[in-house]
Structure formats: C-alpha cells, structure tokens
Amino acid sequence: MSEMKDFNSATHPDWCPGCGDFGLLAAMKMAFAGLGLNPHEVMTVSGIGCSSNLPGFINTYGMHTLHGRALPIAQGFKLSNHKMNIVAVGGDGDGYGIGVGHLVHAMRRNVDMTYLVMNNSIYGLTTGQTSPTSGFGMKTKSTPFGNPEVPLNPLTLALGSGCGFVARAYTGHTKRLVEIIQAAIKHQGFALVDTFSPCVTFNLINTHQYFKDNVKDINQEGHDTTDLAAAWKQASREDVITTGIFYQKVRSCYEETEEDTLAEPLMSHKLGITSEQTQKLCAEFI
Amino acid sequence: MNQVKDNIIVRIAGAAGDGIASAGEVFGRICARSGLHVMAYNAYQSAIRGGHVWLQLNVGSRKTLSHGEAPEVAILLNRTSPALHIPMMKKGGVVFYNSSQIQEDLSKMRDDVTCYGIPFKEIFTEAGVEAVMANTFLIGCVVGLLGLDANIGLEFIRDRFKKKGEQVIALNNRVFQGGIDWVKKNAKPMEVHLKGDGKRRMFLTGNHAFGMGLLAHGLKFYAAYPMSPSTGVLHYLATKARSHKLVIKQTEDEIAAVNFIIGAAHAGVRTATATSGGGFSLMVEGVGLAGMMEEPIVIINVQRGGPSTGIPTKQEQGDLNMIIGASQGDFPRIVLAPKDTEDAFYTAGRALNLAEKYQTPVLILSDLFLSEHFQTCDAFERLLPIERGKLIDHTEGGYKRFLITEDGVSPRLVPGAPKGMYCSPSDEHDEVGNVISDVLAGLPESLDIRNKMHPKRMKKLDMARREDIKLPTLTGPKNAELTLLGWGSTYDAIEEACEYLRQEGIETNHIHFTDVYPLPNEAVREMLESCKEIVAVENNFSSQFTRLLRAETGFDVKRMVNRFDGEPFTGEDIFNRVKKELAYV
C-alpha cells in the first residue's frame, strides 16, 4: 500500500504561488494513494505548458513531451504496456488547442486511460494570450481589443465524440476532485476530467474567488449520469458553472478488441519468428 | 554481339481497374516460379479507376537490372492503349489484344511489329467465362510465345483460385491453356532463350520486404497514416496482426503516428512507422523528440515526386535534405537507403537493431520505385539476430535514465519496474531527467549540464561511424576511367548502365551508398579521391546526395546526371545521359 507522500517528487513545482495546478497535483497523489496504486504502476504523460511540467513534480514514471502530443504518446504507451495506469495531464491550450485533433480521436478510440486538463482559459507559459476556452471579449495580450471567438466547450465536445466518462471539477475543491479522479481512473475506457485551475498571474477574470462563487455540483441535485441528453444540457448551462460527473457509459475499450494479442502486455512478448514462420511468410510471394 | 538473347521486356497496358496489376502479378509469379528473374515497374496515376496505367516486366535468365525501355511483347487491354504503346514497341515486337474489346485493325500501325487480335468472346462461349478472363487468356498467349512451362502456369492458377473451388480453377486453367494453344497454332515463336535455374523465387515489392523485415525482426507495434507510396507496409502488416500478435494502428494523422510509436518505444516495444515526404514533414517534431528523449524509433520515408503534393504516384529521391536536417537542434540520427528488395528486408531488421543500440531515430529512405516495383528475390533464409542494446528491466534504485557513459548510450529501463521511477522530458535535462530550463535556467549549473548532455547524445554518431555504418560498395574494375556514383534504389539501374558503358569500351565502375548518414568521412574521401572521373547519378533535381558528400567530406563531385520527371532510371537511360554529360567539356 502506498501513501500520499510516496508520490512526492524531489523537485518542488515552479508554478506561481496560488496556481490552481497545485490543487490538482495534490489531488492526484491523494487519488493514487487512495486507490492503492504504487508509484511504479503509474505513467504520467504531459505535453507542454505550465501544467505540463507536472510529471516532473510527482514520483511516478513520467514523460514530458511535445505541445499537444501527450495523448498519442500516452495511447502508444498504454497499448504497449496496458498493465500500467496511464494519466495524461496538460493545459487547455495543449489539449483543446494544438492537440484537439488527437483528443477527439482518443475519445472515440477509447483506450483505457485518464486525461486531466488543467483549464485556466489562458496561455500562461507564453505570458498571457487567448486560449480556446477564453471567454468571448476577454482581453489578453494577443486580443487587446477583446477575444473575437467564442470559447470551446470541452464537455459537449467530449459528449459528441463518444467519450465514456466526462467530468469537470474545480481544483480548489480537493475532496470532490479526488473522488472524480478516482472514478475516472476506475472507469474502463478513456476518461476526460476538465478542471478549473486558475492562473493567478495572467487570468484575472476566472479567479479562485470566481469559481468558488459560481460552481455547482450537478451530482448533488440528482443528475442521471447515464442520460446523454441530460449531460449535454447540464454541460451547456449558462446560469451557473456546472461541475461533477456529467456522463458515464462503459463500452468495450480499445484493448479489448486486441484481446488475443494483448493477453500479455506487448512489451513482454517474445521477439522474433521461427524459421518455419519465415518460410511461410516467403511462400506467400512464391 | 552474337550472344543468345536471354531476356524479354513485356508490357501490359490498359485503364486503371482493368486488372493490370493482377495480370502482371500472375505473369511475374509464373516467371518467378520458373526460376527466372523479373524486374517490374508499375506506371500508374492517382486515380482508382479510369487513368491509363501500364506495367512493364523485364524477364531474364540472368538477373534483370531494370524494367527496360522499349517493350518487345505487349498485352493491350483497352482502346486507348494501341496509340500509346504500339509506337514505343521495339522492332520485331509482338502485341496481343482482345479483338472483342479493341475492334480497330492494329496490324497497319507498324510494319515491323506483329499484332495478334484474338476475339476472346468468340473463342470462349461457355457459361461462366467472364470478360476479365481475357487477361488470363492473353497471359497464356505470352507464356506460350516465350516457351515457358505451361504446367507452372496451371499450378499457379490452381494456387491462386484455391479458395474459389475446383470449378473456377478448371475454368481459368482452360482459358489459360487456350492462350497457349492459340499461340502454338497461330503465332511465330519468339527468338529468346529463357531458361530458369530451378529456384522458385519470390515476386514482391519493397514495401512487402520492409513489412516482412520488420515483422521478422521483432516488430510489435506499428502505427501509420495512409499515404502513397508507403501504404503497402501498413497493408501487409495489417494482415499479419492476428497471426503474429502485433498492434497495428491507423492513426488520425502522421503526427499521431510518430508519437504513438514514441510511446510504444518508451514502453520497451520494437516499433516503426512508414510515410511519404508530406507525412514525414508532419512527423518532424516527433523525430526531434525521439532524439532528445533517446527513444528507439524507425521511420520509413518512401519518397515520391515533390515538393508539396508534387507527383504523388511518381518516383523521386528528393527528400534527403529534409531527412538529414529534420527537426530543430542537433541530435544523432542514422539514415539508411536500401538498394533493392532484398536489402529492404534486411535494412528493416538492421534499423530496429540500430535504433535500440543507439536509442535514437533510425530513418530509412525508400522511394516509390523501390517500395512499389515488383522484383524477384530468393526466399529469405537468414535472419539478423535481434539485438536490444542496453535495455534493462530491473533496478535496485538510484537509476539514471540519461547516465553519461563512454559511448553516450545509457541503460534503458523499461517503465514499470519498482524503484525505477524517472521522467523523460523533451526539455534539456540532467542524467536523472530533471529539466534545466525551469528551476536551473540561467544558473551556472544549467550550463554545465547542457555542456555535458549535448555531447553525450551526439557522441553516439562516433560509435555508429566506427561500428555500424557500412562503407559504400565498389563494383567493377578498381582503377576504372569512369566511376558512376549513386545511393539507394538506383543500384541495379547503375549496374546495368555500367555494363552498357563497358560494352562501348569505357571502363566503368560503380560506387554505391546505402548508409547515407552519418558518413565515415575520411574513408569516403579517400575512396573518392582515388577515382579518375566521377559522375553522380541521382533521381532528383539538385543532386542532394552530392551536396551532402561535399558538406561532409569536402569532396566535390563535379559531373552529375539528374532525372526528376517522375520516372525511375533504367540502365539505358543512365548510359545515354552519362555519355551526354561526358561529352560536355
């Protein structure tokens, strides 16, 4: 059995004091320990951005890769060693901007993994430009006259892409966040958890106070998580900012379609072929 | 030259969708089973139906080195074919066509070419005979004309239609035999002596050989996005996924494909992808990532005519500059350009070994010609040993993924081992994997780390030069007055050109590179300096390899022959171009 401290890394996060990402990092450690996972059983994969520095700040196996490419790498890894628990992490620019193509296909492909997005509606590491989830009219360094584009809704995108686990949480609500991360990891298939993770330096609109005042957990008012239409409705609400588990449906995950091949993890297969097999392969062309 | 003629050039032409590829394969496989050698080239367009296509096969008792120029025997399958191909026929050539389909009288087109129009529909009136079987009939005609063993043809047809039942086999055999009989009765035999050596050869493409070579040497995970002319590798491997327990993944794009295989490589799985230039352009960032994170990946780039979409179904060796320079910054890479189908098989295995030995990207440069042309090849009997380099699965703690070692290669721990947790970053990092760009940026310590880690990776190239990179081959007389220099898939065509040049009394040899990067610079320079006159032969516009040689060795090859119209070289073509180049003072 592991404890939360087993997941502490020797490297202290270099995030700004007050950054929402601290909340997610702590919740991940609690969730892993709570599920009884050991550090060597987890692979944390990220792209590029402030939040994508996370794999260096947690004691699991990790890959800190390219901007927008965490998901293809994580899926390639998972299909090669499906006994490990794969958690991809990153920001809204990483996942909903440059990497959104991969996200859509990962959701419909349904490899068994969890994707935690630290959504702050701003580009932080590049010092404050508009992001795919920045509000309409929001003034940033790249949109000094206001953002002319409407924000992307990651939840309805996920619901429309065949994602079997769609949730949202605020990183300041640690207890609920831990529950949702655990449910996401336990979910068999691809799970998306969008988290509000405020940027205290470059986004002075979507602040901790803003989320504390406005989020509402839909699971507390009896939302049916198997009802796709209800999930869509809750995800599109404009009166409050809804959080919680919106939708959950287990369908067979990608690895199950490769059941025979993946009886053992690919990385432990014996390599090479016999001379009989070689002869047979050659004979196909004679 | 009173030599007995021991090869023949056969062309099959028609509209895309007429079954030319299939007819050509049937004829080629019958020749291959007869112990003959075949080199075939498929000229096609980017259209599934309707474009004009032709396949040319050079069949010989000895190894045929190119698909040849003017055809000597032709099968014409549609109405646009005669006007296009009869003028190209060699004097004395023979044409077969189905006169139920092509009704014009072709005999008047050329006095020196014999055209046999055979009314297939009138000859075969029995039920079950379909129009497409005329192809089988016409192949029977050619088999008869060339005096090949009818039984081998009948046996092949039996194997091919095995799943369709005895009735279909019998019908096809009758049609095929009908062609042979028709020729015996009506046509003058061809003056050619084709004699097999008793070996039953394979007849396959470079893409088949790449796929089989990967499979035979431990490939477990393959991800790719379809792109001509590389897709054959995906198609081949997909059929083997179940029988050989492979994960074959068609991804959403080439960016995903390269990153999927990086993930697989990181997990300790042998992995590869194939694409063409446009797809490789999208993979470029991933190539650099694999260089930085020291991941063993293999990418086969099958070149086609560029730039941009270019000429998608045509030949070019135009991606060398891109491959050598792909991705920002310096990192070690190995670039291999196999010379023929057999070499494609072994290069695939070798690339998987080298990728793991050096823990860095190995890039294979193929091209449309090598990847898609069919060629006979002896069955592969020997496999390369699978060498996994410094792969480990266990640690007692204190593991450093990027440990600085003498040869620059660090022990590579398969993730999942207890006590081994580490993070591989795309940022510059220390031996453990801590990134220097955030916490240590600007501190003297970060400069120190950078000054150690960058050379650590680059050092791998020294070992590659020392232990693995093959010197170019030299064929022909040692101190020849003329040297033809080439790389990759042009090997056979240059060999053929050398034969022609020698027949003209010009003593010629051939230097050929299959390992194009890194180059053993001094040895190569020495080799080139000992030559009297060098002509570099490249299937591209700007002599990209010649430029690489100049940059790496300082040796300046001054005479060049370039072909960039989308067609592959033949020996005859190189011969003519070299003579023109030499006449130019």
# chains A, B, ... in the order shown; residues from 1 in each chain; ligands from 1
>>> interface_residues(of="chain A", to="chain B", cutoff="7 Å", atoms="only C-alpha atoms", output="PDB file with C-alpha atoms, in the first residue's frame")
ATOM      1  CA  ASP A  14       7.968  26.045 -10.053  1.00  0.00           C
ATOM      2  CA  HIS A  40       5.858   2.406 -10.345  1.00  0.00           C
ATOM      3  CA  GLU A  41       2.408   1.376 -11.545  1.00  0.00           C
ATOM      4  CA  PRO A  55       5.235  14.838 -14.424  1.00  0.00           C
ATOM      5  CA  GLY A  56       8.500  16.250 -13.035  1.00  0.00           C
ATOM      6  CA  ASN A  59       7.020  10.438  -8.211  1.00  0.00           C
ATOM      7  CA  THR A  60       5.635   8.117 -10.867  1.00  0.00           C
ATOM      8  CA  TYR A  61       7.034   7.136 -14.238  1.00  0.00           C
ATOM      9  CA  GLY A  62       6.687  10.174 -16.484  1.00  0.00           C
ATOM     10  CA  MET A  63       7.032  11.631 -19.930  1.00  0.00           C
ATOM     11  CA  HIS A  64       7.061  15.376 -20.540  1.00  0.00           C
ATOM     12  CA  THR A  65       6.649  15.520 -24.288  1.00  0.00           C
ATOM     13  CA  LEU A  66       5.597  17.913 -27.067  1.00  0.00           C
ATOM     14  CA  ARG A  69       1.050  15.388 -28.272  1.00  0.00           C
ATOM     15  CA  PRO A  72      -0.863   9.902 -28.897  1.00  0.00           C
ATOM     16  CA  ILE A  73       2.220   9.145 -26.817  1.00  0.00           C
ATOM     17  CA  ALA A  74       0.124   8.019 -23.856  1.00  0.00           C
ATOM     18  CA  GLN A  75      -2.017   5.766 -26.065  1.00  0.00           C
ATOM     19  CA  GLY A  76       1.054   4.254 -27.748  1.00  0.00           C
ATOM     20  CA  PHE A  77       2.485   3.544 -24.329  1.00  0.00           C
ATOM     21  CA  SER A  80       2.382  -1.466 -25.308  1.00  0.00           C
ATOM     22  CA  ASN A  81       2.044  -1.918 -21.557  1.00  0.00           C
ATOM     23  CA  HIS A 105      -9.859  10.615 -31.795  1.00  0.00           C
ATOM     24  CA  THR A 261      -2.712 -10.020 -28.886  1.00  0.00           C
ATOM     25  CA  LEU A 266       3.112  -6.183 -25.736  1.00  0.00           C
ATOM     26  CA  MET A 267       6.384  -5.224 -24.054  1.00  0.00           C
ATOM     27  CA  LEU A 271      10.519 -11.282 -30.133  1.00  0.00           C
ATOM     28  CA  GLY A 272      11.381 -12.787 -33.487  1.00  0.00           C
ATOM     29  CA  ILE A 273       9.941 -15.550 -35.611  1.00  0.00           C
ATOM     30  CA  CYS A 282       8.131 -16.051 -48.005  1.00  0.00           C
ATOM     31  CA  PHE A 285       5.078 -14.452 -52.530  1.00  0.00           C
ATOM     32  CA  ILE A 286       6.144 -17.545 -54.486  1.00  0.00           C
TER      33      ILE A 286
END
>>> select_by_dssp(residues="stretch 19-82 of chain B", states="strand (DSSP E or B)", output="list in words")
His37, Val38, Met39, Ala40, Tyr41, Asn42, Ala43, His52, Val53, Trp54, Leu55, Gln56, Leu57, Asn58, Val59, Gly60, Val73, Ala74, Ile75 and Leu76 of chain B
>>> write_last_selection(atoms="C-alpha atoms", output="PDB file, in the first residue's frame")
ATOM      1  CA  HIS B  37      14.455 -13.203 -62.818  1.00  0.00           C
ATOM      2  CA  VAL B  38      11.947 -10.394 -63.151  1.00  0.00           C
ATOM      3  CA  MET B  39      12.149  -6.659 -62.590  1.00  0.00           C
ATOM      4  CA  ALA B  40       8.780  -4.936 -62.968  1.00  0.00           C
ATOM      5  CA  TYR B  41       7.689  -1.342 -62.849  1.00  0.00           C
ATOM      6  CA  ASN B  42       4.181  -0.082 -62.463  1.00  0.00           C
ATOM      7  CA  ALA B  43       3.318   3.270 -64.014  1.00  0.00           C
ATOM      8  CA  HIS B  52      -4.141   4.955 -68.070  1.00  0.00           C
ATOM      9  CA  VAL B  53      -1.716   2.560 -66.454  1.00  0.00           C
ATOM     10  CA  TRP B  54       0.883   0.084 -67.582  1.00  0.00           C
ATOM     11  CA  LEU B  55       3.146  -2.444 -66.035  1.00  0.00           C
ATOM     12  CA  GLN B  56       6.428  -3.456 -67.592  1.00  0.00           C
ATOM     13  CA  LEU B  57       8.300  -6.628 -66.730  1.00  0.00           C
ATOM     14  CA  ASN B  58      11.845  -7.399 -67.746  1.00  0.00           C
ATOM     15  CA  VAL B  59      12.150 -11.179 -67.575  1.00  0.00           C
ATOM     16  CA  GLY B  60      15.536 -12.861 -67.905  1.00  0.00           C
ATOM     17  CA  VAL B  73       5.915  -8.069 -76.131  1.00  0.00           C
ATOM     18  CA  ALA B  74       2.765  -6.230 -75.137  1.00  0.00           C
ATOM     19  CA  ILE B  75      -0.699  -7.079 -73.905  1.00  0.00           C
ATOM     20  CA  LEU B  76      -3.092  -4.216 -74.602  1.00  0.00           C
TER      21      LEU B  76
END
>>> closest_residue(among="B:Asp430, B:Glu295, B:Asp6, B:Asp448", to="B:Lys400", atoms="only C-alpha atoms")
B:Asp430
>>> residues_around(residues="A:Asn8", least_positions_apart="4", cutoff="10 Å", atoms="only C-alpha atoms", output="mmCIF file with C-alpha atoms, in the first residue's frame")
data_model
loop_
_atom_site.group_PDB
_atom_site.id
_atom_site.type_symbol
_atom_site.label_atom_id
_atom_site.label_comp_id
_atom_site.auth_asym_id
_atom_site.auth_seq_id
_atom_site.Cartn_x
_atom_site.Cartn_y
_atom_site.Cartn_z
ATOM 1 C CA GLU A 3 0.796 6.749 0.975
ATOM 2 C CA MET A 4 0.388 10.202 -0.480
ATOM 3 C CA HIS A 12 9.415 21.347 -5.999
ATOM 4 C CA LEU A 25 -1.142 17.749 -8.142
ATOM 5 C CA ALA A 26 -2.157 17.186 -4.524
ATOM 6 C CA LYS A 29 -1.352 11.997 -5.141
ATOM 7 C CA PRO A 39 4.354 4.906 -7.884
ATOM 8 C CA PHE A 57 6.758 17.078 -9.765
ATOM 9 C CA ILE A 58 5.275 13.687 -8.995
ATOM 10 C CA ASN A 59 7.020 10.438 -8.211
ATOM 11 C CA THR A 60 5.635 8.117 -10.867
#
>>> residues_around(residues="stretch 486-494 of chain B", least_positions_apart="6", cutoff="7 Å", atoms="only C-alpha atoms", output="ChimeraX atom specification")
/B:65-66,337-340,370,511-514,536-538,569-571,574
>>> write_last_selection(atoms="C-alpha atoms", output="short mmCIF file (atom, residue, chain, number, x, y, z; two decimals), in the first residue's frame")
data_model
loop_
_atom_site.label_atom_id
_atom_site.label_comp_id
_atom_site.auth_asym_id
_atom_site.auth_seq_id
_atom_site.Cartn_x
_atom_site.Cartn_y
_atom_site.Cartn_z
CA LEU B 65 18.59 -4.89 -63.59
CA SER B 66 15.85 -2.56 -64.73
CA ALA B 337 18.80 3.87 -48.08
CA PRO B 338 18.44 0.23 -49.17
CA LYS B 339 19.40 -0.61 -52.72
CA ASP B 340 16.88 -3.30 -53.65
CA LEU B 370 11.87 0.52 -54.53
CA ILE B 511 30.39 3.37 -56.00
CA HIS B 512 27.13 2.98 -54.17
CA PHE B 513 25.97 4.23 -50.78
CA THR B 514 23.25 2.56 -48.74
CA ALA B 536 26.92 11.24 -59.68
CA VAL B 537 23.58 9.74 -60.70
CA GLU B 538 20.58 11.00 -58.73
CA PHE B 569 16.23 5.38 -64.15
CA THR B 570 16.93 2.45 -66.41
CA GLY B 571 20.44 1.39 -67.39
CA ILE B 574 21.71 6.42 -67.45
#
>>> closest_residue(among="A:His208, A:Arg237, A:Lys83, A:Lys175", to="A:Gly34", atoms="only C-alpha atoms")
A:Lys175
>>> decode(residues="stretch 342-360 of chain B", atoms="N, CA and C atoms", output="PDB file, in the first residue's frame")
ATOM      1  N   GLU B 342      15.681  -7.143 -51.582  1.00  0.00           N
ATOM      2  CA  GLU B 342      16.294  -7.971 -50.549  1.00  0.00           C
ATOM      3  C   GLU B 342      16.907  -7.080 -49.460  1.00  0.00           C
ATOM      4  N   ASP B 343      17.556  -6.023 -49.895  1.00  0.00           N
ATOM      5  CA  ASP B 343      18.171  -5.095 -48.952  1.00  0.00           C
ATOM      6  C   ASP B 343      17.105  -4.421 -48.078  1.00  0.00           C
ATOM      7  N   ALA B 344      15.923  -4.205 -48.645  1.00  0.00           N
ATOM      8  CA  ALA B 344      14.829  -3.596 -47.873  1.00  0.00           C
ATOM      9  C   ALA B 344      14.490  -4.479 -46.673  1.00  0.00           C
ATOM     10  N   PHE B 345      14.443  -5.778 -46.904  1.00  0.00           N
ATOM     11  CA  PHE B 345      14.135  -6.732 -45.830  1.00  0.00           C
ATOM     12  C   PHE B 345      15.172  -6.628 -44.707  1.00  0.00           C
ATOM     13  N   TYR B 346      16.435  -6.698 -45.074  1.00  0.00           N
ATOM     14  CA  TYR B 346      17.479  -6.691 -44.045  1.00  0.00           C
ATOM     15  C   TYR B 346      17.673  -5.307 -43.425  1.00  0.00           C
ATOM     16  N   THR B 347      17.443  -4.268 -44.218  1.00  0.00           N
ATOM     17  CA  THR B 347      17.575  -2.917 -43.664  1.00  0.00           C
ATOM     18  C   THR B 347      16.520  -2.678 -42.584  1.00  0.00           C
ATOM     19  N   ALA B 348      15.330  -3.223 -42.792  1.00  0.00           N
ATOM     20  CA  ALA B 348      14.280  -3.069 -41.776  1.00  0.00           C
ATOM     21  C   ALA B 348      14.738  -3.700 -40.458  1.00  0.00           C
ATOM     22  N   GLY B 349      15.297  -4.903 -40.526  1.00  0.00           N
ATOM     23  CA  GLY B 349      15.782  -5.570 -39.316  1.00  0.00           C
ATOM     24  C   GLY B 349      16.950  -4.835 -38.694  1.00  0.00           C
ATOM     25  N   ARG B 350      17.850  -4.403 -39.555  1.00  0.00           N
ATOM     26  CA  ARG B 350      19.024  -3.690 -39.073  1.00  0.00           C
ATOM     27  C   ARG B 350      18.622  -2.373 -38.402  1.00  0.00           C
ATOM     28  N   ALA B 351      17.638  -1.698 -38.984  1.00  0.00           N
ATOM     29  CA  ALA B 351      17.185  -0.421 -38.418  1.00  0.00           C
ATOM     30  C   ALA B 351      16.628  -0.617 -37.012  1.00  0.00           C
ATOM     31  N   LEU B 352      15.856  -1.693 -36.816  1.00  0.00           N
ATOM     32  CA  LEU B 352      15.313  -1.964 -35.473  1.00  0.00           C
ATOM     33  C   LEU B 352      16.455  -2.208 -34.483  1.00  0.00           C
ATOM     34  N   ASN B 353      17.469  -2.929 -34.912  1.00  0.00           N
ATOM     35  CA  ASN B 353      18.624  -3.170 -34.040  1.00  0.00           C
ATOM     36  C   ASN B 353      19.375  -1.878 -33.733  1.00  0.00           C
ATOM     37  N   LEU B 354      19.643  -1.098 -34.779  1.00  0.00           N
ATOM     38  CA  LEU B 354      20.422   0.128 -34.575  1.00  0.00           C
ATOM     39  C   LEU B 354      19.659   1.125 -33.705  1.00  0.00           C
ATOM     40  N   ALA B 355      18.345   1.199 -33.909  1.00  0.00           N
ATOM     41  CA  ALA B 355      17.545   2.135 -33.110  1.00  0.00           C
ATOM     42  C   ALA B 355      17.701   1.804 -31.625  1.00  0.00           C
ATOM     43  N   GLU B 356      17.678   0.515 -31.288  1.00  0.00           N
ATOM     44  CA  GLU B 356      17.804   0.149 -29.869  1.00  0.00           C
ATOM     45  C   GLU B 356      19.244   0.260 -29.386  1.00  0.00           C
ATOM     46  N   LYS B 357      20.183  -0.030 -30.252  1.00  0.00           N
ATOM     47  CA  LYS B 357      21.574   0.082 -29.843  1.00  0.00           C
ATOM     48  C   LYS B 357      21.925   1.541 -29.520  1.00  0.00           C
ATOM     49  N   TYR B 358      21.471   2.445 -30.388  1.00  0.00           N
ATOM     50  CA  TYR B 358      21.832   3.863 -30.215  1.00  0.00           C
ATOM     51  C   TYR B 358      20.748   4.668 -29.506  1.00  0.00           C
ATOM     52  N   GLN B 359      19.586   4.073 -29.280  1.00  0.00           N
ATOM     53  CA  GLN B 359      18.468   4.757 -28.626  1.00  0.00           C
ATOM     54  C   GLN B 359      18.224   6.110 -29.283  1.00  0.00           C
ATOM     55  N   THR B 360      17.982   6.074 -30.561  1.00  0.00           N
ATOM     56  CA  THR B 360      17.784   7.300 -31.331  1.00  0.00           C
ATOM     57  C   THR B 360      17.051   6.953 -32.620  1.00  0.00           C
TER      58      THR B 360
END
